[in-house]
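As provided, input-v7.tsv (TSV, C-alpha atoms) reads as follows.
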```
chain	number	residue	atom	x	y	z
A	251	MET	CA	-8.72	2.91	-2.85
A	252	GLU	CA	-10.66	6.15	-2.45
A	253	THR	CA	-8.62	6.99	0.64
A	254	VAL	CA	-5.36	6.40	-1.27
A	255	LYS	CA	-6.56	8.63	-4.10
A	256	SER	CA	-7.63	11.38	-1.74
A	257	HIS	CA	-4.26	11.25	0.03
A	258	PHE	CA	-2.46	11.43	-3.31
A	259	PHE	CA	-4.38	14.47	-4.52
A	260	SER	CA	-4.03	16.13	-1.13
A	261	ASP	CA	-0.26	15.54	-1.12
A	262	MET	CA	0.04	16.65	-4.74
A	263	SER	CA	-1.79	19.92	-4.02
A	264	VAL	CA	0.63	20.60	-1.16
A	265	MET	CA	3.64	19.94	-3.43
A	266	LEU	CA	2.10	22.11	-6.15
A	267	GLY	CA	1.57	24.93	-3.67
A	268	ARG	CA	5.18	24.64	-2.53
A	269	SER	CA	6.55	24.85	-6.08
A	270	MET	CA	4.20	27.66	-7.08
A	271	ARG	CA	5.33	29.74	-4.11
A	272	HIS	CA	8.87	29.46	-5.46
A	273	ILE	CA	7.64	30.66	-8.85
A	274	PHE	CA	5.75	33.68	-7.53
A	275	ARG	CA	8.61	34.65	-5.23
A	276	SER	CA	10.92	34.65	-8.24
A	277	MET	CA	8.87	35.97	-11.16
A	278	ASP	CA	12.06	36.49	-13.14
A	279	THR	CA	11.76	32.88	-14.30
A	280	ILE	CA	8.49	33.62	-16.12
A	281	ILE	CA	9.83	36.96	-17.37
A	282	THR	CA	12.97	35.27	-18.71
A	283	VAL	CA	10.92	32.61	-20.48
A	284	CYS	CA	8.84	35.34	-22.16
A	285	ILE	CA	11.69	37.66	-23.17
A	286	THR	CA	13.50	35.43	-25.68
A	287	PRO	CA	10.39	34.28	-27.63
A	288	VAL	CA	8.99	37.83	-27.70
A	289	ALA	CA	12.36	39.17	-28.89
A	290	MET	CA	12.47	36.52	-31.62
A	291	MET	CA	8.93	37.37	-32.66
A	292	LEU	CA	9.81	41.06	-32.91
A	293	LEU	CA	12.97	40.26	-34.87
A	294	PHE	CA	11.37	37.92	-37.38
A	295	VAL	CA	8.24	40.02	-37.93
A	296	TYR	CA	9.81	43.46	-38.19
A	297	VAL	CA	13.27	42.62	-39.58
A	298	PHE	CA	13.01	39.39	-41.57
A	299	GLY	CA	9.26	39.17	-42.14
A	300	GLY	CA	9.24	41.24	-45.33
A	301	SER	CA	11.71	38.91	-47.06
A	302	ILE	CA	10.19	35.59	-45.97
A	303	GLN	CA	7.68	34.09	-48.38
A	304	THR	CA	4.97	32.18	-46.54
A	305	GLY	CA	1.93	32.76	-48.71
A	306	THR	CA	0.26	34.92	-46.07
A	307	ASP	CA	0.01	38.68	-45.68
A	308	ASN	CA	0.28	38.56	-41.87
A	309	TYR	CA	3.58	36.93	-40.92
A	310	VAL	CA	2.89	37.15	-37.17
A	311	ASN	CA	-0.08	34.82	-37.72
A	312	TYR	CA	2.22	32.36	-39.44
A	313	LEU	CA	4.98	32.71	-36.85
A	314	LEU	CA	3.07	32.58	-33.55
A	315	PRO	CA	2.57	28.78	-33.24
A	316	GLY	CA	6.32	28.16	-33.49
A	317	ILE	CA	7.08	30.94	-31.00
A	318	LEU	CA	4.70	29.35	-28.50
A	319	LEU	CA	6.50	26.02	-28.80
A	320	ILE	CA	9.89	27.70	-28.33
A	321	ALA	CA	8.55	29.35	-25.17
A	322	ILE	CA	7.46	25.97	-23.80
A	323	ALA	CA	10.81	24.35	-24.65
A	324	SER	CA	12.55	27.21	-22.85
A	325	GLY	CA	10.23	27.15	-19.85
A	326	ILE	CA	10.56	23.46	-19.02
A	327	SER	CA	14.30	23.83	-18.38
A	328	TYR	CA	13.37	25.43	-15.04
A	329	THR	CA	11.60	22.20	-14.06
A	330	ALA	CA	14.84	20.30	-14.61
A	331	TYR	CA	16.69	22.93	-12.60
A	332	ARG	CA	14.25	22.84	-9.65
A	333	LEU	CA	14.20	19.04	-9.56
A	334	PHE	CA	17.99	18.91	-9.67
A	335	MET	CA	18.24	21.38	-6.79
A	336	ASP	CA	15.73	19.39	-4.72
A	337	LYS	CA	17.77	16.26	-5.38
A	338	GLN	CA	21.07	17.98	-4.65
A	339	ARG	CA	19.87	19.45	-1.35
A	340	GLY	CA	18.41	16.15	-0.18
A	341	ILE	CA	14.86	17.51	-0.18
A	342	ILE	CA	13.50	14.60	-2.23
A	343	GLU	CA	14.94	12.09	0.26
A	344	ARG	CA	13.44	14.12	3.10
A	345	PHE	CA	10.00	13.97	1.49
A	346	HIS	CA	10.42	10.22	1.01
A	347	SER	CA	10.84	9.81	4.76
A	348	MET	CA	7.48	11.48	5.34
A	349	PRO	CA	4.06	9.76	5.12
A	350	ILE	CA	3.17	11.24	1.72
A	351	ALA	CA	2.61	9.76	-1.73
A	352	ARG	CA	6.05	9.59	-3.32
A	353	SER	CA	4.94	10.45	-6.84
A	354	ALA	CA	3.14	13.56	-5.51
A	355	VAL	CA	6.51	15.32	-5.25
A	356	LEU	CA	7.22	14.78	-8.93
A	357	TRP	CA	3.70	15.69	-10.00
A	358	GLY	CA	3.96	18.93	-8.04
A	359	HIS	CA	6.91	20.00	-10.21
A	360	VAL	CA	5.17	18.89	-13.41
A	361	LEU	CA	1.97	20.81	-12.69
A	362	THR	CA	3.98	23.86	-11.66
A	363	SER	CA	5.66	23.74	-15.07
A	364	LEU	CA	2.23	23.59	-16.70
A	365	VAL	CA	0.87	26.60	-14.78
A	366	SER	CA	3.98	28.75	-15.29
A	367	ASN	CA	4.12	27.93	-19.00
A	368	VAL	CA	0.45	28.80	-19.43
A	369	ILE	CA	1.14	32.22	-17.89
A	370	SER	CA	4.07	32.72	-20.29
A	371	LEU	CA	2.00	31.68	-23.32
A	372	VAL	CA	-0.79	34.11	-22.41
A	373	VAL	CA	1.73	36.95	-22.18
A	374	ILE	CA	3.21	36.05	-25.58
A	375	ILE	CA	-0.23	35.87	-27.22
A	376	LEU	CA	-1.08	39.30	-25.80
A	377	VAL	CA	2.13	40.72	-27.29
A	378	ALA	CA	1.28	39.05	-30.61
A	379	LEU	CA	-2.14	40.72	-30.57
A	380	ILE	CA	-0.45	44.09	-30.13
A	381	MET	CA	1.79	43.23	-33.10
A	382	GLY	CA	-1.21	42.50	-35.29
A	383	PHE	CA	-2.02	38.85	-34.70
A	384	ARG	CA	-5.63	38.08	-35.57
A	385	SER	CA	-7.57	34.83	-35.52
A	386	SER	CA	-10.93	33.88	-37.00
A	387	ALA	CA	-11.12	30.78	-34.81
A	388	GLY	CA	-14.08	30.19	-32.55
A	389	VAL	CA	-14.16	28.85	-29.01
A	390	LEU	CA	-13.76	25.17	-29.92
A	391	PRO	CA	-10.65	25.64	-32.11
A	392	TRP	CA	-9.07	27.78	-29.38
A	393	LEU	CA	-9.82	25.02	-26.84
A	394	ALA	CA	-8.23	22.51	-29.21
A	395	VAL	CA	-5.13	24.72	-29.46
A	396	ALA	CA	-5.01	25.00	-25.67
A	397	GLY	CA	-5.29	21.21	-25.36
A	398	ILE	CA	-2.43	20.60	-27.79
A	399	LEU	CA	-0.21	23.14	-26.02
A	400	VAL	CA	-0.98	21.51	-22.65
A	401	LEU	CA	-0.10	18.07	-24.02
A	402	PHE	CA	3.11	19.41	-25.54
A	403	THR	CA	4.02	21.08	-22.25
A	404	LEU	CA	3.38	17.92	-20.25
A	405	ALA	CA	5.37	15.82	-22.73
A	406	LEU	CA	8.43	18.09	-22.56
A	407	THR	CA	8.09	18.54	-18.80
A	408	TRP	CA	8.40	14.79	-18.24
A	409	VAL	CA	11.50	14.86	-20.45
A	410	ALA	CA	12.78	17.68	-18.23
A	411	ALA	CA	12.10	15.55	-15.16
A	412	ILE	CA	14.42	12.86	-16.53
A	413	ALA	CA	17.17	15.44	-17.03
A	414	GLY	CA	16.65	16.95	-13.58
A	415	LEU	CA	16.78	13.60	-11.81
A	416	SER	CA	19.65	12.17	-13.87
A	417	GLY	CA	21.87	15.22	-14.34
A	418	LYS	CA	25.24	15.28	-12.60
A	419	THR	CA	25.50	19.10	-12.60
A	420	VAL	CA	22.96	21.91	-12.67
A	421	GLU	CA	24.29	22.98	-16.06
A	422	GLY	CA	23.85	19.48	-17.46
A	423	ALA	CA	20.32	19.22	-16.05
A	424	SER	CA	19.27	22.47	-17.75
A	425	ALA	CA	21.25	22.24	-21.01
A	426	PHE	CA	19.08	19.46	-22.46
A	427	SER	CA	16.48	22.09	-23.44
A	428	TYR	CA	18.77	23.75	-25.98
A	429	PRO	CA	18.18	21.15	-28.74
A	430	LEU	CA	14.44	21.37	-28.05
A	431	ILE	CA	14.52	25.16	-28.47
A	432	PHE	CA	16.45	24.74	-31.73
A	433	LEU	CA	14.06	22.10	-33.14
A	434	PRO	CA	11.38	24.59	-34.34
A	435	PHE	CA	14.01	26.24	-36.59
A	436	ILE	CA	14.16	23.01	-38.62
A	437	SER	CA	10.42	22.84	-39.13
A	438	SER	CA	7.65	24.83	-40.76
A	439	ALA	CA	7.56	27.23	-37.79
A	440	PHE	CA	9.39	30.07	-39.57
A	441	VAL	CA	9.28	29.18	-43.28
A	442	PRO	CA	7.45	26.56	-45.37
A	443	THR	CA	9.42	23.34	-45.59
A	444	ASP	CA	9.19	23.23	-49.41
A	445	SER	CA	11.84	25.98	-49.52
A	446	MET	CA	14.38	23.74	-47.73
A	447	PRO	CA	16.98	21.36	-49.26
A	448	LYS	CA	15.68	17.81	-49.70
A	449	VAL	CA	17.51	16.25	-46.76
A	450	VAL	CA	16.57	19.07	-44.38
A	451	ARG	CA	12.99	19.04	-45.66
A	452	ALA	CA	12.71	15.29	-45.07
A	453	PHE	CA	13.68	15.79	-41.44
A	454	ALA	CA	11.50	18.90	-41.02
A	455	ASP	CA	8.41	17.20	-42.45
A	456	ASN	CA	8.74	14.19	-40.18
A	457	GLN	CA	9.58	15.68	-36.81
A	458	PRO	CA	6.95	16.50	-34.15
A	459	VAL	CA	7.19	20.29	-34.23
A	460	THR	CA	6.03	20.59	-37.85
A	461	SER	CA	2.81	18.64	-37.34
A	462	ILE	CA	2.06	20.50	-34.10
A	463	VAL	CA	2.75	23.90	-35.68
A	464	GLU	CA	0.66	23.09	-38.76
A	465	THR	CA	-2.24	21.92	-36.58
A	466	ILE	CA	-2.21	25.04	-34.40
A	467	ARG	CA	-1.84	27.30	-37.44
A	468	ALA	CA	-4.80	25.66	-39.19
A	469	LEU	CA	-6.98	25.83	-36.08
A	470	LEU	CA	-6.23	29.52	-35.49
A	471	SER	CA	-6.89	30.42	-39.13
A	472	GLY	CA	-10.11	28.43	-39.37
A	473	GLN	CA	-8.66	26.01	-41.95
A	474	PRO	CA	-9.09	22.21	-42.09
A	475	VAL	CA	-6.45	20.45	-40.00
A	476	GLY	CA	-6.39	17.19	-41.97
A	477	ASN	CA	-4.22	14.40	-40.61
A	478	ASP	CA	-1.81	16.81	-38.93
A	479	ILE	CA	-3.86	16.90	-35.75
A	480	TRP	CA	-3.70	13.12	-35.31
A	481	ILE	CA	0.03	13.08	-36.00
A	482	ALA	CA	0.52	15.94	-33.52
A	483	LEU	CA	-1.52	14.18	-30.84
A	484	ALA	CA	0.33	10.91	-31.44
A	485	TRP	CA	3.69	12.67	-31.02
A	486	CYS	CA	2.61	14.48	-27.84
A	487	VAL	CA	1.00	11.47	-26.18
A	488	GLY	CA	3.81	9.12	-27.27
A	489	ILE	CA	6.58	11.37	-25.95
A	490	MET	CA	4.66	12.00	-22.73
A	491	LEU	CA	4.08	8.30	-21.99
A	492	VAL	CA	7.66	7.24	-22.75
A	493	ALA	CA	9.14	10.17	-20.80
A	494	TYR	CA	6.78	9.51	-17.88
A	495	ILE	CA	7.94	5.88	-17.62
A	496	PHE	CA	11.64	6.80	-17.67
A	497	ALA	CA	11.13	9.74	-15.30
A	498	MET	CA	9.36	7.55	-12.75
A	499	ARG	CA	12.14	4.97	-13.01
A	500	ALA	CA	14.77	7.66	-12.43
A	501	TYR	CA	12.71	8.99	-9.52
A	502	LYS	CA	12.40	5.58	-7.91
A	503	ARG	CA	16.15	5.05	-8.19
A	504	LYS	CA	16.70	8.31	-6.30
A	505	ALA	CA	14.21	7.14	-3.67
A	506	THR	CA	16.17	4.02	-2.84
```

Could you write out this structure as structure tokens?
Amino acid sequence: METVKSHFFSDMSVMLGRSMRHIFRSMDTIITVCITPVAMMLLFVYVFGGSIQTGTDNYVNYLLPGILLIAIASGISYTAYRLFMDKQRGIIERFHSMPIARSAVLWGHVLTSLVSNVISLVVIILVALIMGFRSSAGVLPWLAVAGILVLFTLALTWVAAIAGLSGKTVEGASAFSYPLIFLPFISSAFVPTDSMPKVVRAFADNQPVTSIVETIRALLSGQPVGNDIWIALAWCVGIMLVAYIFAMRAYKRKAT
């Protein structure tokens, strides 16, 4: 058992190194992921921020959690793209013919998504600090925020893996992320949900982004998180487990 585990982690580290080399040779992927969320943050803070009523004097503080989630939703589309290209070029089948743990190939892509998204999030937070973002949170709340963002990234990355392995075209494999990017707009990410029509508010209050945004916002502002944190964790873990099962099934079908 220990030998199997050591082989798996060794193989996974090799696959992670392979994927990360692709990322660092083409840094435009990380730059592209950062540009749209940063542009949206600039637009909403400096153009729309003065007319949006959120009950806070610093709109960038209110906005940042939603921007981070949009960046993650945008970033995971590259995982679907890279998996699709590996499938299309026959690289996955080639790896299957080698004496390596099969799931290590998939985990290499997933962990690469996690690392690249973390880099993007750090860049966005630095830009937010320049724009006036301030947090009274201590080390533990920041670690809790980091944990939630990691869980959210892993959950969406496994969804991306399904799209990458099941897509018929590269456009189809990548396009699934568009609804995910749009989801924060129908949540409390940009405005409080009580300003929305009843039907829209009902959806906004009961979709995963709102609970995740509210949890991160409360943690960063030093406020009580209430039940939102448990709802956010349940959404993240639930999506991740379901997506993982379907992604592994899709992966095994491609292996046969």

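For the residues A:Ala411, A:Met290, A:Ile369, A:Met270, ranking by smallest atom-to-atom distance to Leu314 of chain A using all atoms listed in the file places A:Met290 first.
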
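Shortest separation to Ser263 of chain A among A:Lys337, A:His359, A:Arg344, A:Arg384 occurs at residue A:His359, atoms counted being all atoms listed in the file.
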
Pro442 of chain A: which residues within 12 Å, counting only C-alpha atoms, same-chain residues fewer than 5 positions away excluded, as a PyMOL selection string?
-> chain A and resi 302-306+309+312-313+434-437+447+450-451+454-455+460+463-464

Find the spatial neighbours of Ile326 of chain A, counting all atoms listed in the file, within a cut-off of 10 Å - ignore same-chain residues fewer than 4 positions away - and output them as a ChimeraX atom specification.
-> /A:283,321-322,330-331,360,362-364,366-367,403-411,424,427

Distance query Ser324 of chain A at most 9 Å, only C-alpha atoms, self and fewer than 3 positions along chain excluded, as a ChimeraX atom specification = /A:283-284,286-287,319-321,327-328,427-428,430-431

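Separating atom CA of Ile412 of chain A from atom CA of Val400 of chain A is a distance of 18.7 Å.
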
Could you work out how far atom CA of Ser269 of chain A lies from atom CA of Ala500 of chain A, giving the answer in Å with one decimal?
-> 20.1 Å

Can you tell me, as a list in words, what residues are no more than 7 Å from Phe334 of chain A when counting all atoms listed in the file, ignoring any on the same chain fewer than 4 positions away?
-> Ala330, Gln338, Gly414, Leu415, Val420 and Ala423 of chain A

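Using all atoms listed in the file, the nearest neighbour of Ile489 of chain A within the list A:Gly325, A:Gly397, A:Pro458, A:Gly382 is A:Pro458.
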
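Here atom CA of Thr329 of chain A and atom CA of Ile375 of chain A stand 22.4 Å from one another.
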
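Between Val372 of chain A and the residues A:Val288, A:Leu401, A:Ala452, A:Val297, the shortest atom-to-atom distance, using only C-alpha atoms, involves A:Val288.
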
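Take the candidates A:Cys486, A:Leu361, A:Ile374, A:Leu266 and check each one against Leu292 of chain A using only C-alpha atoms; the shortest distance goes to A:Ile374.
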
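Using all atoms listed in the file, the shortest contact distance between Leu393 of chain A and any of A:Ile481, A:Gln457, A:Ser353, A:Ile466 is found at A:Ile466.
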
Neighbours of Met265 of chain A within 9 Å (all atoms listed in the file; same-chain residues fewer than 5 positions away dropped), as a PyMOL selection string?
-> chain A and resi 260+270+354-359

Since the input is missing atoms, can you rebuild all heavy atoms for segment 473-484 of chain A and write them as a PDB file, in the coordinates of the input?
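Saved as selection_11.pdb:
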```pdb
ATOM      1  N   GLN A 473      -8.860  26.903 -40.810  1.00  0.00           N
ATOM      2  CA  GLN A 473      -8.660  26.010 -41.950  1.00  0.00           C
ATOM      3  C   GLN A 473      -8.775  24.552 -41.501  1.00  0.00           C
ATOM      4  O   GLN A 473      -8.592  24.234 -40.321  1.00  0.00           O
ATOM      5  CB  GLN A 473      -7.289  26.260 -42.574  1.00  0.00           C
ATOM      6  CG  GLN A 473      -7.067  27.681 -43.071  1.00  0.00           C
ATOM      7  CD  GLN A 473      -8.023  28.056 -44.187  1.00  0.00           C
ATOM      8  OE1 GLN A 473      -8.274  27.250 -45.083  1.00  0.00           O
ATOM      9  NE2 GLN A 473      -8.568  29.261 -44.116  1.00  0.00           N
ATOM     10  N   PRO A 474      -9.045  23.632 -42.441  1.00  0.00           N
ATOM     11  CA  PRO A 474      -9.090  22.210 -42.090  1.00  0.00           C
ATOM     12  C   PRO A 474      -7.723  21.728 -41.594  1.00  0.00           C
ATOM     13  O   PRO A 474      -6.689  22.096 -42.156  1.00  0.00           O
ATOM     14  CB  PRO A 474      -9.454  21.520 -43.418  1.00  0.00           C
ATOM     15  CG  PRO A 474     -10.077  22.596 -44.256  1.00  0.00           C
ATOM     16  CD  PRO A 474      -9.412  23.874 -43.856  1.00  0.00           C
ATOM     17  N   VAL A 475      -7.718  20.909 -40.582  1.00  0.00           N
ATOM     18  CA  VAL A 475      -6.450  20.450 -40.000  1.00  0.00           C
ATOM     19  C   VAL A 475      -5.941  19.175 -40.648  1.00  0.00           C
ATOM     20  O   VAL A 475      -4.752  18.854 -40.538  1.00  0.00           O
ATOM     21  CB  VAL A 475      -6.588  20.245 -38.477  1.00  0.00           C
ATOM     22  CG1 VAL A 475      -6.842  21.561 -37.784  1.00  0.00           C
ATOM     23  CG2 VAL A 475      -7.694  19.242 -38.155  1.00  0.00           C
ATOM     24  N   GLY A 476      -6.814  18.422 -41.312  1.00  0.00           N
ATOM     25  CA  GLY A 476      -6.390  17.190 -41.970  1.00  0.00           C
ATOM     26  C   GLY A 476      -5.832  16.176 -40.985  1.00  0.00           C
ATOM     27  O   GLY A 476      -6.259  16.079 -39.831  1.00  0.00           O
ATOM     28  N   ASN A 477      -4.824  15.438 -41.456  1.00  0.00           N
ATOM     29  CA  ASN A 477      -4.220  14.400 -40.610  1.00  0.00           C
ATOM     30  C   ASN A 477      -3.206  14.958 -39.623  1.00  0.00           C
ATOM     31  O   ASN A 477      -2.743  14.238 -38.733  1.00  0.00           O
ATOM     32  CB  ASN A 477      -3.520  13.355 -41.497  1.00  0.00           C
ATOM     33  CG  ASN A 477      -4.515  12.512 -42.274  1.00  0.00           C
ATOM     34  OD1 ASN A 477      -5.623  12.251 -41.804  1.00  0.00           O
ATOM     35  ND2 ASN A 477      -4.131  12.104 -43.476  1.00  0.00           N
ATOM     36  N   ASP A 478      -2.834  16.234 -39.801  1.00  0.00           N
ATOM     37  CA  ASP A 478      -1.810  16.810 -38.930  1.00  0.00           C
ATOM     38  C   ASP A 478      -2.182  16.729 -37.462  1.00  0.00           C
ATOM     39  O   ASP A 478      -1.317  16.513 -36.605  1.00  0.00           O
ATOM     40  CB  ASP A 478      -1.543  18.271 -39.314  1.00  0.00           C
ATOM     41  CG  ASP A 478      -0.669  18.399 -40.553  1.00  0.00           C
ATOM     42  OD1 ASP A 478       0.249  17.567 -40.710  1.00  0.00           O
ATOM     43  OD2 ASP A 478      -0.895  19.319 -41.345  1.00  0.00           O
ATOM     44  N   ILE A 479      -3.454  16.899 -37.152  1.00  0.00           N
ATOM     45  CA  ILE A 479      -3.860  16.900 -35.750  1.00  0.00           C
ATOM     46  C   ILE A 479      -3.649  15.533 -35.108  1.00  0.00           C
ATOM     47  O   ILE A 479      -3.225  15.443 -33.945  1.00  0.00           O
ATOM     48  CB  ILE A 479      -5.329  17.364 -35.602  1.00  0.00           C
ATOM     49  CG1 ILE A 479      -5.639  17.572 -34.108  1.00  0.00           C
ATOM     50  CG2 ILE A 479      -6.295  16.364 -36.233  1.00  0.00           C
ATOM     51  CD1 ILE A 479      -6.959  18.271 -33.874  1.00  0.00           C
ATOM     52  N   TRP A 480      -3.874  14.460 -35.880  1.00  0.00           N
ATOM     53  CA  TRP A 480      -3.700  13.120 -35.310  1.00  0.00           C
ATOM     54  C   TRP A 480      -2.204  12.801 -35.155  1.00  0.00           C
ATOM     55  O   TRP A 480      -1.805  12.158 -34.171  1.00  0.00           O
ATOM     56  CB  TRP A 480      -4.383  12.085 -36.200  1.00  0.00           C
ATOM     57  CG  TRP A 480      -5.834  12.377 -36.388  1.00  0.00           C
ATOM     58  CD1 TRP A 480      -6.471  12.710 -37.550  1.00  0.00           C
ATOM     59  CD2 TRP A 480      -6.842  12.400 -35.369  1.00  0.00           C
ATOM     60  NE1 TRP A 480      -7.804  12.941 -37.333  1.00  0.00           N
ATOM     61  CE2 TRP A 480      -8.067  12.757 -36.007  1.00  0.00           C
ATOM     62  CE3 TRP A 480      -6.842  12.165 -33.987  1.00  0.00           C
ATOM     63  CZ2 TRP A 480      -9.251  12.872 -35.297  1.00  0.00           C
ATOM     64  CZ3 TRP A 480      -8.037  12.278 -33.288  1.00  0.00           C
ATOM     65  CH2 TRP A 480      -9.214  12.622 -33.940  1.00  0.00           C
ATOM     66  N   ILE A 481      -1.414  13.272 -36.112  1.00  0.00           N
ATOM     67  CA  ILE A 481       0.030  13.080 -36.000  1.00  0.00           C
ATOM     68  C   ILE A 481       0.565  13.864 -34.808  1.00  0.00           C
ATOM     69  O   ILE A 481       1.391  13.366 -34.030  1.00  0.00           O
ATOM     70  CB  ILE A 481       0.734  13.522 -37.305  1.00  0.00           C
ATOM     71  CG1 ILE A 481       0.259  12.664 -38.469  1.00  0.00           C
ATOM     72  CG2 ILE A 481       2.250  13.433 -37.153  1.00  0.00           C
ATOM     73  CD1 ILE A 481       0.751  13.136 -39.823  1.00  0.00           C
ATOM     74  N   ALA A 482       0.078  15.107 -34.648  1.00  0.00           N
ATOM     75  CA  ALA A 482       0.520  15.940 -33.520  1.00  0.00           C
ATOM     76  C   ALA A 482       0.144  15.305 -32.192  1.00  0.00           C
ATOM     77  O   ALA A 482       0.961  15.252 -31.262  1.00  0.00           O
ATOM     78  CB  ALA A 482      -0.112  17.334 -33.643  1.00  0.00           C
ATOM     79  N   LEU A 483      -1.080  14.822 -32.085  1.00  0.00           N
ATOM     80  CA  LEU A 483      -1.520  14.180 -30.840  1.00  0.00           C
ATOM     81  C   LEU A 483      -0.727  12.918 -30.559  1.00  0.00           C
ATOM     82  O   LEU A 483      -0.372  12.642 -29.408  1.00  0.00           O
ATOM     83  CB  LEU A 483      -3.016  13.866 -30.915  1.00  0.00           C
ATOM     84  CG  LEU A 483      -3.964  15.068 -30.890  1.00  0.00           C
ATOM     85  CD1 LEU A 483      -5.408  14.625 -31.122  1.00  0.00           C
ATOM     86  CD2 LEU A 483      -3.858  15.815 -29.570  1.00  0.00           C
ATOM     87  N   ALA A 484      -0.449  12.136 -31.617  1.00  0.00           N
ATOM     88  CA  ALA A 484       0.330  10.910 -31.440  1.00  0.00           C
ATOM     89  C   ALA A 484       1.728  11.224 -30.927  1.00  0.00           C
ATOM     90  O   ALA A 484       2.239  10.547 -30.012  1.00  0.00           O
ATOM     91  CB  ALA A 484       0.406  10.143 -32.763  1.00  0.00           C
TER      92      ALA A 484
END
```
